[in-house]
$ cat coords-v4.cif   # mmCIF, C-alpha atoms and all ligand atoms
data_my_file
#
loop_
_atom_site.group_PDB
_atom_site.id
_atom_site.type_symbol
_atom_site.label_atom_id
_atom_site.label_comp_id
_atom_site.auth_asym_id
_atom_site.auth_seq_id
_atom_site.Cartn_x
_atom_site.Cartn_y
_atom_site.Cartn_z
ATOM 1 C CA ALA Q 1 -11.444 -17.068 -16.798
ATOM 2 C CA LEU Q 2 -12.252 -18.004 -13.237
ATOM 3 C CA PRO Q 3 -14.142 -15.539 -11.053
ATOM 4 C CA VAL Q 4 -12.079 -13.481 -8.614
ATOM 5 C CA VAL Q 5 -12.695 -13.101 -4.875
ATOM 6 C CA ALA Q 6 -10.690 -10.480 -2.943
ATOM 7 C CA ILE Q 7 -10.124 -10.455 0.823
ATOM 8 C CA VAL Q 8 -10.229 -6.888 2.098
ATOM 9 C CA GLY Q 9 -10.229 -5.117 5.477
ATOM 10 C CA ARG Q 10 -8.191 -2.933 7.790
ATOM 11 C CA PRO Q 11 -4.814 -4.240 9.042
ATOM 12 C CA ASN Q 12 -4.572 -7.137 11.499
ATOM 13 C CA VAL Q 13 -8.129 -8.465 11.254
ATOM 14 C CA GLY Q 14 -6.907 -11.855 9.974
ATOM 15 C CA LYS Q 15 -7.111 -11.522 6.185
ATOM 16 C CA SER Q 16 -3.923 -13.504 5.533
ATOM 17 C CA THR Q 17 -4.898 -16.167 8.066
ATOM 18 C CA LEU Q 18 -8.232 -16.540 6.251
ATOM 19 C CA PHE Q 19 -6.519 -16.598 2.842
ATOM 20 C CA ASN Q 20 -4.212 -19.420 3.955
ATOM 21 C CA ARG Q 21 -7.101 -21.385 5.441
ATOM 22 C CA LEU Q 22 -9.205 -21.085 2.290
ATOM 23 C CA ILE Q 23 -6.271 -21.950 0.018
ATOM 24 C CA GLY Q 24 -5.166 -24.781 2.285
ATOM 25 C CA GLU Q 25 -1.531 -23.710 2.215
ATOM 26 C CA ARG Q 26 0.578 -21.121 3.959
ATOM 27 C CA ILE Q 27 1.264 -18.772 1.105
ATOM 28 C CA SER Q 28 0.556 -15.474 2.804
ATOM 29 C CA ILE Q 29 2.514 -14.115 5.739
ATOM 30 C CA VAL Q 30 0.591 -13.863 8.994
ATOM 31 C CA GLU Q 31 2.025 -11.233 11.307
ATOM 32 C CA ASP Q 32 1.082 -9.319 14.414
ATOM 33 C CA THR Q 33 2.600 -6.277 12.710
ATOM 34 C CA PRO Q 34 -0.120 -4.515 10.694
ATOM 35 C CA GLY Q 35 0.397 -4.075 6.970
ATOM 36 C CA VAL Q 36 2.742 -6.958 6.264
ATOM 37 C CA THR Q 37 0.910 -7.946 3.075
ATOM 38 C CA ARG Q 38 2.011 -5.224 0.705
ATOM 39 C CA ASP Q 39 1.334 -6.777 -2.650
ATOM 40 C CA ARG Q 40 -1.610 -8.766 -3.889
ATOM 41 C CA ILE Q 41 -1.148 -12.464 -3.246
ATOM 42 C CA TYR Q 42 -3.068 -14.923 -5.428
ATOM 43 C CA GLY Q 43 -4.299 -18.452 -4.961
ATOM 44 C CA THR Q 44 -6.950 -20.678 -6.500
ATOM 45 C CA THR Q 45 -9.479 -22.759 -4.614
ATOM 46 C CA ASP Q 46 -12.917 -24.282 -4.993
ATOM 47 C CA TRP Q 47 -16.063 -24.877 -3.004
ATOM 48 C CA ASN Q 48 -19.004 -27.105 -3.939
ATOM 49 C CA GLY Q 49 -17.490 -27.634 -7.371
ATOM 50 C CA ARG Q 50 -17.068 -23.926 -8.020
ATOM 51 C CA SER Q 51 -13.473 -22.757 -8.650
ATOM 52 C CA PHE Q 52 -12.303 -19.206 -8.149
ATOM 53 C CA HIS Q 53 -9.190 -17.109 -7.712
ATOM 54 C CA LEU Q 54 -8.622 -15.673 -4.255
ATOM 55 C CA ILE Q 55 -6.599 -12.495 -3.615
ATOM 56 C CA ASP Q 56 -5.128 -11.499 -0.259
ATOM 57 C CA THR Q 57 -4.452 -7.792 0.199
ATOM 58 C CA GLY Q 58 -2.694 -5.536 2.664
ATOM 59 C CA GLY Q 59 -4.827 -3.706 5.184
ATOM 60 C CA ILE Q 60 -6.615 -0.605 4.005
ATOM 61 C CA THR Q 61 -6.036 2.534 6.037
ATOM 62 C CA LEU Q 62 -7.519 5.737 4.720
ATOM 63 C CA ASP Q 63 -5.930 8.022 7.276
ATOM 64 C CA GLY Q 64 -2.377 6.878 6.445
ATOM 65 C CA VAL Q 65 -0.156 9.701 5.289
ATOM 66 C CA ASP Q 66 2.978 7.669 4.721
ATOM 67 C CA GLU Q 67 4.015 6.351 1.331
ATOM 68 C CA LEU Q 68 3.897 2.675 2.285
ATOM 69 C CA GLN Q 69 0.310 2.841 3.549
ATOM 70 C CA ASN Q 70 -0.667 4.561 0.322
ATOM 71 C CA LEU Q 71 1.002 1.855 -1.757
ATOM 72 C CA ILE Q 72 -0.751 -0.863 0.223
ATOM 73 C CA ARG Q 73 -4.092 0.862 -0.246
ATOM 74 C CA VAL Q 74 -3.566 1.158 -3.988
ATOM 75 C CA GLN Q 75 -2.886 -2.599 -4.156
ATOM 76 C CA ALA Q 76 -6.111 -3.264 -2.259
ATOM 77 C CA GLU Q 77 -8.054 -0.967 -4.571
ATOM 78 C CA LEU Q 78 -6.661 -2.811 -7.606
ATOM 79 C CA ALA Q 79 -7.787 -6.091 -6.024
ATOM 80 C CA ILE Q 80 -11.273 -4.672 -5.423
ATOM 81 C CA ASP Q 81 -11.443 -3.562 -9.063
ATOM 82 C CA GLU Q 82 -10.540 -7.070 -10.203
ATOM 83 C CA ALA Q 83 -12.951 -8.787 -7.843
ATOM 84 C CA ASP Q 84 -16.350 -10.258 -8.651
ATOM 85 C CA VAL Q 85 -17.022 -10.666 -4.936
ATOM 86 C CA VAL Q 86 -15.242 -9.118 -1.940
ATOM 87 C CA ILE Q 87 -14.851 -10.802 1.435
ATOM 88 C CA PHE Q 88 -14.810 -7.879 3.881
ATOM 89 C CA VAL Q 89 -13.068 -9.029 7.075
ATOM 90 C CA VAL Q 90 -13.557 -7.325 10.455
ATOM 91 C CA ASP Q 91 -12.354 -8.223 13.967
ATOM 92 C CA GLY Q 92 -15.235 -9.423 16.150
ATOM 93 C CA ARG Q 93 -13.134 -9.174 19.297
ATOM 94 C CA GLU Q 94 -12.302 -5.515 18.830
ATOM 95 C CA GLY Q 95 -15.754 -4.614 17.564
ATOM 96 C CA LEU Q 96 -16.692 -2.054 14.935
ATOM 97 C CA THR Q 97 -14.041 0.642 14.379
ATOM 98 C CA VAL Q 98 -13.761 3.885 12.421
ATOM 99 C CA ALA Q 99 -11.298 2.140 10.098
ATOM 100 C CA ASP Q 100 -13.936 -0.539 9.365
ATOM 101 C CA ARG Q 101 -16.404 2.206 8.431
ATOM 102 C CA ASP Q 102 -13.784 3.722 6.092
ATOM 103 C CA VAL Q 103 -13.324 0.385 4.322
ATOM 104 C CA ALA Q 104 -17.115 -0.058 4.139
ATOM 105 C CA GLY Q 105 -17.422 3.330 2.430
ATOM 106 C CA LEU Q 106 -14.745 2.430 -0.082
ATOM 107 C CA LEU Q 107 -16.495 -0.866 -0.897
ATOM 108 C CA ARG Q 108 -19.870 0.844 -1.278
ATOM 109 C CA ARG Q 109 -18.358 3.346 -3.715
ATOM 110 C CA ALA Q 110 -16.799 0.470 -5.659
ATOM 111 C CA GLY Q 111 -20.276 -1.063 -5.964
ATOM 112 C CA LYS Q 112 -19.042 -4.614 -5.388
ATOM 113 C CA ARG Q 113 -20.945 -7.575 -4.016
ATOM 114 C CA VAL Q 114 -19.689 -8.025 -0.461
ATOM 115 C CA VAL Q 115 -19.740 -10.855 2.061
ATOM 116 C CA LEU Q 116 -18.998 -9.631 5.579
ATOM 117 C CA ALA Q 117 -16.867 -11.995 7.690
ATOM 118 C CA VAL Q 118 -16.549 -11.280 11.422
ATOM 119 C CA ASN Q 119 -13.297 -12.961 12.398
ATOM 120 C CA LYS Q 120 -11.586 -14.053 15.636
ATOM 121 C CA LEU Q 121 -14.789 -15.539 17.054
ATOM 122 C CA ASP Q 122 -12.999 -18.696 18.094
ATOM 123 C CA HIS Q 123 -15.870 -20.188 20.110
ATOM 124 C CA PRO Q 124 -19.537 -20.476 19.137
ATOM 125 C CA HIS Q 125 -20.550 -18.611 22.291
ATOM 126 C CA HIS Q 126 -18.716 -15.555 20.875
ATOM 127 C CA PHE Q 127 -20.747 -15.601 17.646
ATOM 128 C CA GLY Q 128 -23.215 -13.009 19.005
ATOM 129 C CA ALA Q 129 -20.464 -10.405 18.624
ATOM 130 C CA ALA Q 130 -21.133 -10.514 14.876
ATOM 131 C CA TYR Q 131 -24.541 -8.747 15.114
ATOM 132 C CA GLU Q 132 -23.063 -5.319 15.796
ATOM 133 C CA PHE Q 133 -21.674 -5.305 12.242
ATOM 134 C CA TYR Q 134 -25.145 -5.430 10.654
ATOM 135 C CA GLU Q 135 -25.102 -1.652 10.585
ATOM 136 C CA LEU Q 136 -22.337 -1.651 7.965
ATOM 137 C CA GLY Q 137 -25.127 -2.495 5.526
ATOM 138 C CA PHE Q 138 -23.689 -5.589 3.847
ATOM 139 C CA GLY Q 139 -26.359 -8.000 4.997
ATOM 140 C CA GLU Q 140 -25.918 -10.775 7.503
ATOM 141 C CA PRO Q 141 -22.462 -10.770 9.129
ATOM 142 C CA ILE Q 142 -20.926 -14.256 9.121
ATOM 143 C CA PRO Q 143 -19.052 -15.201 12.308
ATOM 144 C CA ILE Q 144 -15.810 -17.050 11.606
ATOM 145 C CA SER Q 145 -12.532 -18.109 13.147
ATOM 146 C CA ALA Q 146 -9.891 -18.052 10.429
ATOM 147 C CA GLU Q 147 -7.485 -19.591 12.922
ATOM 148 C CA HIS Q 148 -9.669 -22.594 13.802
ATOM 149 C CA GLY Q 149 -11.798 -22.835 10.673
ATOM 150 C CA ALA Q 150 -15.180 -22.290 12.330
ATOM 151 C CA GLY Q 151 -17.768 -20.663 10.085
ATOM 152 C CA THR Q 152 -15.665 -20.798 6.930
ATOM 153 C CA GLY Q 153 -18.116 -23.234 5.272
ATOM 154 C CA ASP Q 154 -20.969 -20.766 5.737
ATOM 155 C CA LEU Q 155 -18.703 -17.999 4.462
ATOM 156 C CA LEU Q 156 -17.845 -19.954 1.310
ATOM 157 C CA ASP Q 157 -21.530 -20.824 0.749
ATOM 158 C CA ALA Q 158 -22.301 -17.092 0.799
ATOM 159 C CA VAL Q 159 -19.394 -16.250 -1.528
ATOM 160 C CA VAL Q 160 -20.238 -18.955 -4.080
ATOM 161 C CA SER Q 161 -23.918 -17.928 -4.059
ATOM 162 C CA LEU Q 162 -22.822 -14.506 -5.358
ATOM 163 C CA LEU Q 163 -20.479 -15.763 -8.105
HETATM 164 P P1 LIG Q 201 -4.069 -9.328 8.347
HETATM 165 O O1 LIG Q 201 -3.175 -8.156 8.656
HETATM 166 O O2 LIG Q 201 -5.503 -8.885 8.237
HETATM 167 O O3 LIG Q 201 -3.620 -10.128 7.175
HETATM 168 O O4 LIG Q 201 -4.059 -10.290 9.639
HETATM 169 P P2 LIG Q 201 -3.185 -11.616 9.889
HETATM 170 O O5 LIG Q 201 -3.783 -12.774 9.171
HETATM 171 O O6 LIG Q 201 -1.740 -11.341 9.644
HETATM 172 O O7 LIG Q 201 -3.473 -11.829 11.445
HETATM 173 C C1 LIG Q 201 -3.225 -10.816 12.395
HETATM 174 C C2 LIG Q 201 -3.224 -11.426 13.775
HETATM 175 O O8 LIG Q 201 -4.520 -11.932 14.104
HETATM 176 C C3 LIG Q 201 -2.256 -12.612 13.904
HETATM 177 O O9 LIG Q 201 -1.676 -12.559 15.183
HETATM 178 C C4 LIG Q 201 -3.190 -13.826 13.788
HETATM 179 O O10 LIG Q 201 -2.685 -14.965 14.432
HETATM 180 C C5 LIG Q 201 -4.447 -13.307 14.473
HETATM 181 N N1 LIG Q 201 -5.670 -14.007 14.005
HETATM 182 C C6 LIG Q 201 -6.058 -14.194 12.724
HETATM 183 N N2 LIG Q 201 -7.213 -14.910 12.676
HETATM 184 C C7 LIG Q 201 -7.563 -15.173 13.950
HETATM 185 C C8 LIG Q 201 -8.660 -15.909 14.550
HETATM 186 O O11 LIG Q 201 -9.551 -16.464 13.911
HETATM 187 N N3 LIG Q 201 -8.680 -15.933 15.911
HETATM 188 C C9 LIG Q 201 -7.715 -15.348 16.669
HETATM 189 N N4 LIG Q 201 -7.834 -15.452 17.997
HETATM 190 N N5 LIG Q 201 -6.669 -14.680 16.138
HETATM 191 C C10 LIG Q 201 -6.587 -14.593 14.806
HETATM 192 MG MG MG Q 202 -2.061 -9.816 5.792
#
$ encode --input "coords-v4.cif" --output "structure tokens" --more "lines below"
Ligand code: GDP
Ligand code: MG
Amino acid sequence: ALPVVAIVGRPNVGKSTLFNRLIGERISIVEDTPGVTRDRIYGTTDWNGRSFHLIDTGGITLDGVDELQNLIRVQAELAIDEADVVIFVVDGREGLTVADRDVAGLLRRAGKRVVLAVNKLDHPHHFGAAYEFYELGFGEPIPISAEHGAGTGDLLDAVVSLL
């Protein structure tokens, strides 16, 4: 069986945009409305001759009281369970949020290998915004732009090195 990589993070950070870029097709729905990805969406891709399954998940919110948010979170937790490596996506334009810290705690408890991707850094001169996320404790944050493709090679290098 191929190794499994799950894309996880709070809503609207660009998980589905990243999924589509890494898969090379528009399978997942990209929306300004948070929480559009309710189920786990699967694709397969490869990097440097290494193939793996990729899972897109809905955004994790731990403070959600409504049924839908709970369902979305359960799907994300199932994806984390399945995963050999997790790509934890945060929004470098908004900076570190309480919701990011919640997701970080969940990933730490799951004990998974994590690569931290700081998204929406569309220009190299924005890459410095990634440093703030060091304190999440998942090693070097990797600046990316899922929309434009910047940094995704470095991200995939880091992912494949952990498989
Ligand atoms: P998800 O909820 O985490 O799956 O986020 P989506 O992939 O649906 O994206 C949420 C919003 O962020 C959409 O409006 C995207 O166009 C936007 N977005 C995603 N990636 C980037 C990026 O690299 N740069 C910028 N500027 N916007 C992005
Ligand atoms: Mg999504």
$ resolve_selection --input "coords-v4.cif" --expression "the PyMOL selection byres (((chain Q and resi 40-46) around 8) and not hetatm)" --output "PyMOL selection string"
chain Q and resi 22-23+28+37-39+47-58+75-76+79
$ closest_residue --input "coords-v4.cif" --among "Q:Leu106, Q:Val30, Q:Ala83, Q:Val8" --to "ligand LIG 201 (chain Q)" --atoms "only C-alpha atoms and all ligand atoms"
Q:Val30
$ resolve_selection --input "coords-v4.cif" --expression "the PyMOL selection byres (((chain Q and resi 118-124) around 8) and not hetatm)" --output "number ranges by chain"
Q: 13-14, 89-93, 116-117, 125-127, 129-130, 133, 141-148, 150
$ atom_distance --input "coords-v4.cif" --atom1 "CA of Gly149 (chain Q)" --atom2 "CA of Arg10 (chain Q)"
20.4 Å
$ closest_residue --input "coords-v4.cif" --among "Q:Glu25, Q:Asp66, Q:Asp84, Q:Glu77" --to "Val160 (chain Q)" --atoms "all atoms listed in the file"
Q:Asp84
$ resolve_selection --input "coords-v4.cif" --expression "the PyMOL selection byres (((chain Q and resi 159) around 10) and not hetatm)" --output "compact mmCIF listing (two decimals) with C-alpha atoms, in the frame of the given file"
# COMPACT_ATOMS: atom_id res chain seq x y z
CA VAL Q 5 -12.70 -13.10 -4.88
CA TRP Q 47 -16.06 -24.88 -3.00
CA ASP Q 84 -16.35 -10.26 -8.65
CA VAL Q 85 -17.02 -10.67 -4.94
CA VAL Q 86 -15.24 -9.12 -1.94
CA ILE Q 87 -14.85 -10.80 1.44
CA ARG Q 113 -20.94 -7.58 -4.02
CA VAL Q 114 -19.69 -8.02 -0.46
CA VAL Q 115 -19.74 -10.86 2.06
CA LEU Q 116 -19.00 -9.63 5.58
CA GLY Q 153 -18.12 -23.23 5.27
CA ASP Q 154 -20.97 -20.77 5.74
CA LEU Q 155 -18.70 -18.00 4.46
CA LEU Q 156 -17.84 -19.95 1.31
CA ASP Q 157 -21.53 -20.82 0.75
CA ALA Q 158 -22.30 -17.09 0.80
CA VAL Q 160 -20.24 -18.95 -4.08
CA SER Q 161 -23.92 -17.93 -4.06
CA LEU Q 162 -22.82 -14.51 -5.36
CA LEU Q 163 -20.48 -15.76 -8.10
$ closest_residue --input "coords-v4.cif" --among "Q:Ile27, Q:Phe88, Q:Glu132, Q:Glu82" --to "Lys15 (chain Q)" --atoms "all atoms listed in the file"
Q:Phe88
$ closest_residue --input "coords-v4.cif" --among "Q:Gly151, Q:Arg109, Q:Pro3, Q:Glu67" --to "ligand LIG 201 (chain Q)" --atoms "all atoms listed in the file"
Q:Gly151
$ closest_residue --input "coords-v4.cif" --among "Q:Ile80, Q:Ala104, Q:Ala110, Q:Ala99" --to "Pro11 (chain Q)" --atoms "all atoms listed in the file"
Q:Ala99
$ closest_residue --input "coords-v4.cif" --among "Q:Val4, Q:Glu94, Q:Asp102, Q:Leu68" --to "ligand LIG 201 (chain Q)" --atoms "only C-alpha atoms and all ligand atoms"
Q:Glu94
$ atom_distance --input "coords-v4.cif" --atom1 "atom O6 of ligand LIG 201 (chain Q)" --atom2 "CA of Glu135 (chain Q)"
25.3 Å
$ axis_aligned_box --input "coords-v4.cif" --around "ligand LIG 201 (chain Q)" --padding-each-side "8 Å" --output "lines of an AutoDock Vina configuration file"
center_x = -5.6
center_y = -12.3
center_z = 12.6
size_x = 23.9
size_y = 24.3
size_z = 26.8
$ atom_distance --input "coords-v4.cif" --atom1 "atom MG of ligand MG 202 (chain Q)" --atom2 "CA of Phe19 (chain Q)"
8.6 Å
$ build_atoms --input "coords-v4.cif" --residues "region 114-136 of chain Q" --atoms "N, CA and C atoms" --output "short mmCIF file (atom, residue, chain, number, x, y, z; two decimals), in the coordinates of the input"
data_model
loop_
_atom_site.label_atom_id
_atom_site.label_comp_id
_atom_site.auth_asym_id
_atom_site.auth_seq_id
_atom_site.Cartn_x
_atom_site.Cartn_y
_atom_site.Cartn_z
N VAL Q 114 -20.52 -7.86 -1.65
CA VAL Q 114 -19.69 -8.02 -0.46
C VAL Q 114 -20.27 -9.09 0.46
N VAL Q 115 -19.39 -9.95 0.97
CA VAL Q 115 -19.74 -10.86 2.06
C VAL Q 115 -18.94 -10.40 3.28
N LEU Q 116 -19.63 -10.18 4.38
CA LEU Q 116 -19.00 -9.63 5.58
C LEU Q 116 -18.64 -10.76 6.55
N ALA Q 117 -17.34 -10.94 6.80
CA ALA Q 117 -16.87 -12.00 7.69
C ALA Q 117 -16.37 -11.38 9.00
N VAL Q 118 -16.96 -11.79 10.11
CA VAL Q 118 -16.55 -11.28 11.42
C VAL Q 118 -15.62 -12.31 12.05
N ASN Q 119 -14.33 -11.98 12.04
CA ASN Q 119 -13.30 -12.96 12.40
C ASN Q 119 -12.92 -12.91 13.89
N LYS Q 120 -12.14 -13.88 14.28
CA LYS Q 120 -11.59 -14.05 15.64
C LYS Q 120 -12.65 -14.44 16.65
N LEU Q 121 -13.76 -15.01 16.15
CA LEU Q 121 -14.79 -15.54 17.05
C LEU Q 121 -14.51 -17.04 17.16
N ASP Q 122 -13.57 -17.35 18.06
CA ASP Q 122 -13.00 -18.70 18.09
C ASP Q 122 -13.92 -19.73 18.75
N HIS Q 123 -14.94 -19.27 19.46
CA HIS Q 123 -15.87 -20.19 20.11
C HIS Q 123 -17.29 -19.79 19.76
N PRO Q 124 -18.15 -20.78 19.53
CA PRO Q 124 -19.54 -20.48 19.14
C PRO Q 124 -20.23 -19.51 20.10
N HIS Q 125 -19.87 -19.53 21.37
CA HIS Q 125 -20.55 -18.61 22.29
C HIS Q 125 -20.08 -17.17 22.11
N HIS Q 126 -19.11 -16.93 21.23
CA HIS Q 126 -18.72 -15.56 20.88
C HIS Q 126 -19.44 -15.05 19.63
N PHE Q 127 -20.18 -15.94 18.95
CA PHE Q 127 -20.75 -15.60 17.65
C PHE Q 127 -21.68 -14.39 17.69
N GLY Q 128 -22.30 -14.15 18.87
CA GLY Q 128 -23.22 -13.01 19.00
C GLY Q 128 -22.54 -11.69 18.73
N ALA Q 129 -21.22 -11.64 18.87
CA ALA Q 129 -20.46 -10.40 18.62
C ALA Q 129 -20.56 -9.97 17.17
N ALA Q 130 -21.05 -10.86 16.30
CA ALA Q 130 -21.13 -10.51 14.88
C ALA Q 130 -22.27 -9.54 14.58
N TYR Q 131 -23.33 -9.53 15.43
CA TYR Q 131 -24.54 -8.75 15.11
C TYR Q 131 -24.29 -7.26 14.98
N GLU Q 132 -23.37 -6.75 15.79
CA GLU Q 132 -23.06 -5.32 15.80
C GLU Q 132 -22.69 -4.81 14.39
N PHE Q 133 -22.17 -5.72 13.56
CA PHE Q 133 -21.67 -5.30 12.24
C PHE Q 133 -22.77 -5.22 11.18
N TYR Q 134 -24.01 -5.59 11.56
CA TYR Q 134 -25.14 -5.43 10.65
C TYR Q 134 -25.22 -4.02 10.11
N GLU Q 135 -24.90 -3.05 10.97
CA GLU Q 135 -25.10 -1.65 10.58
C GLU Q 135 -24.17 -1.20 9.46
N LEU Q 136 -23.18 -2.01 9.10
CA LEU Q 136 -22.34 -1.65 7.96
C LEU Q 136 -23.11 -1.75 6.65
#
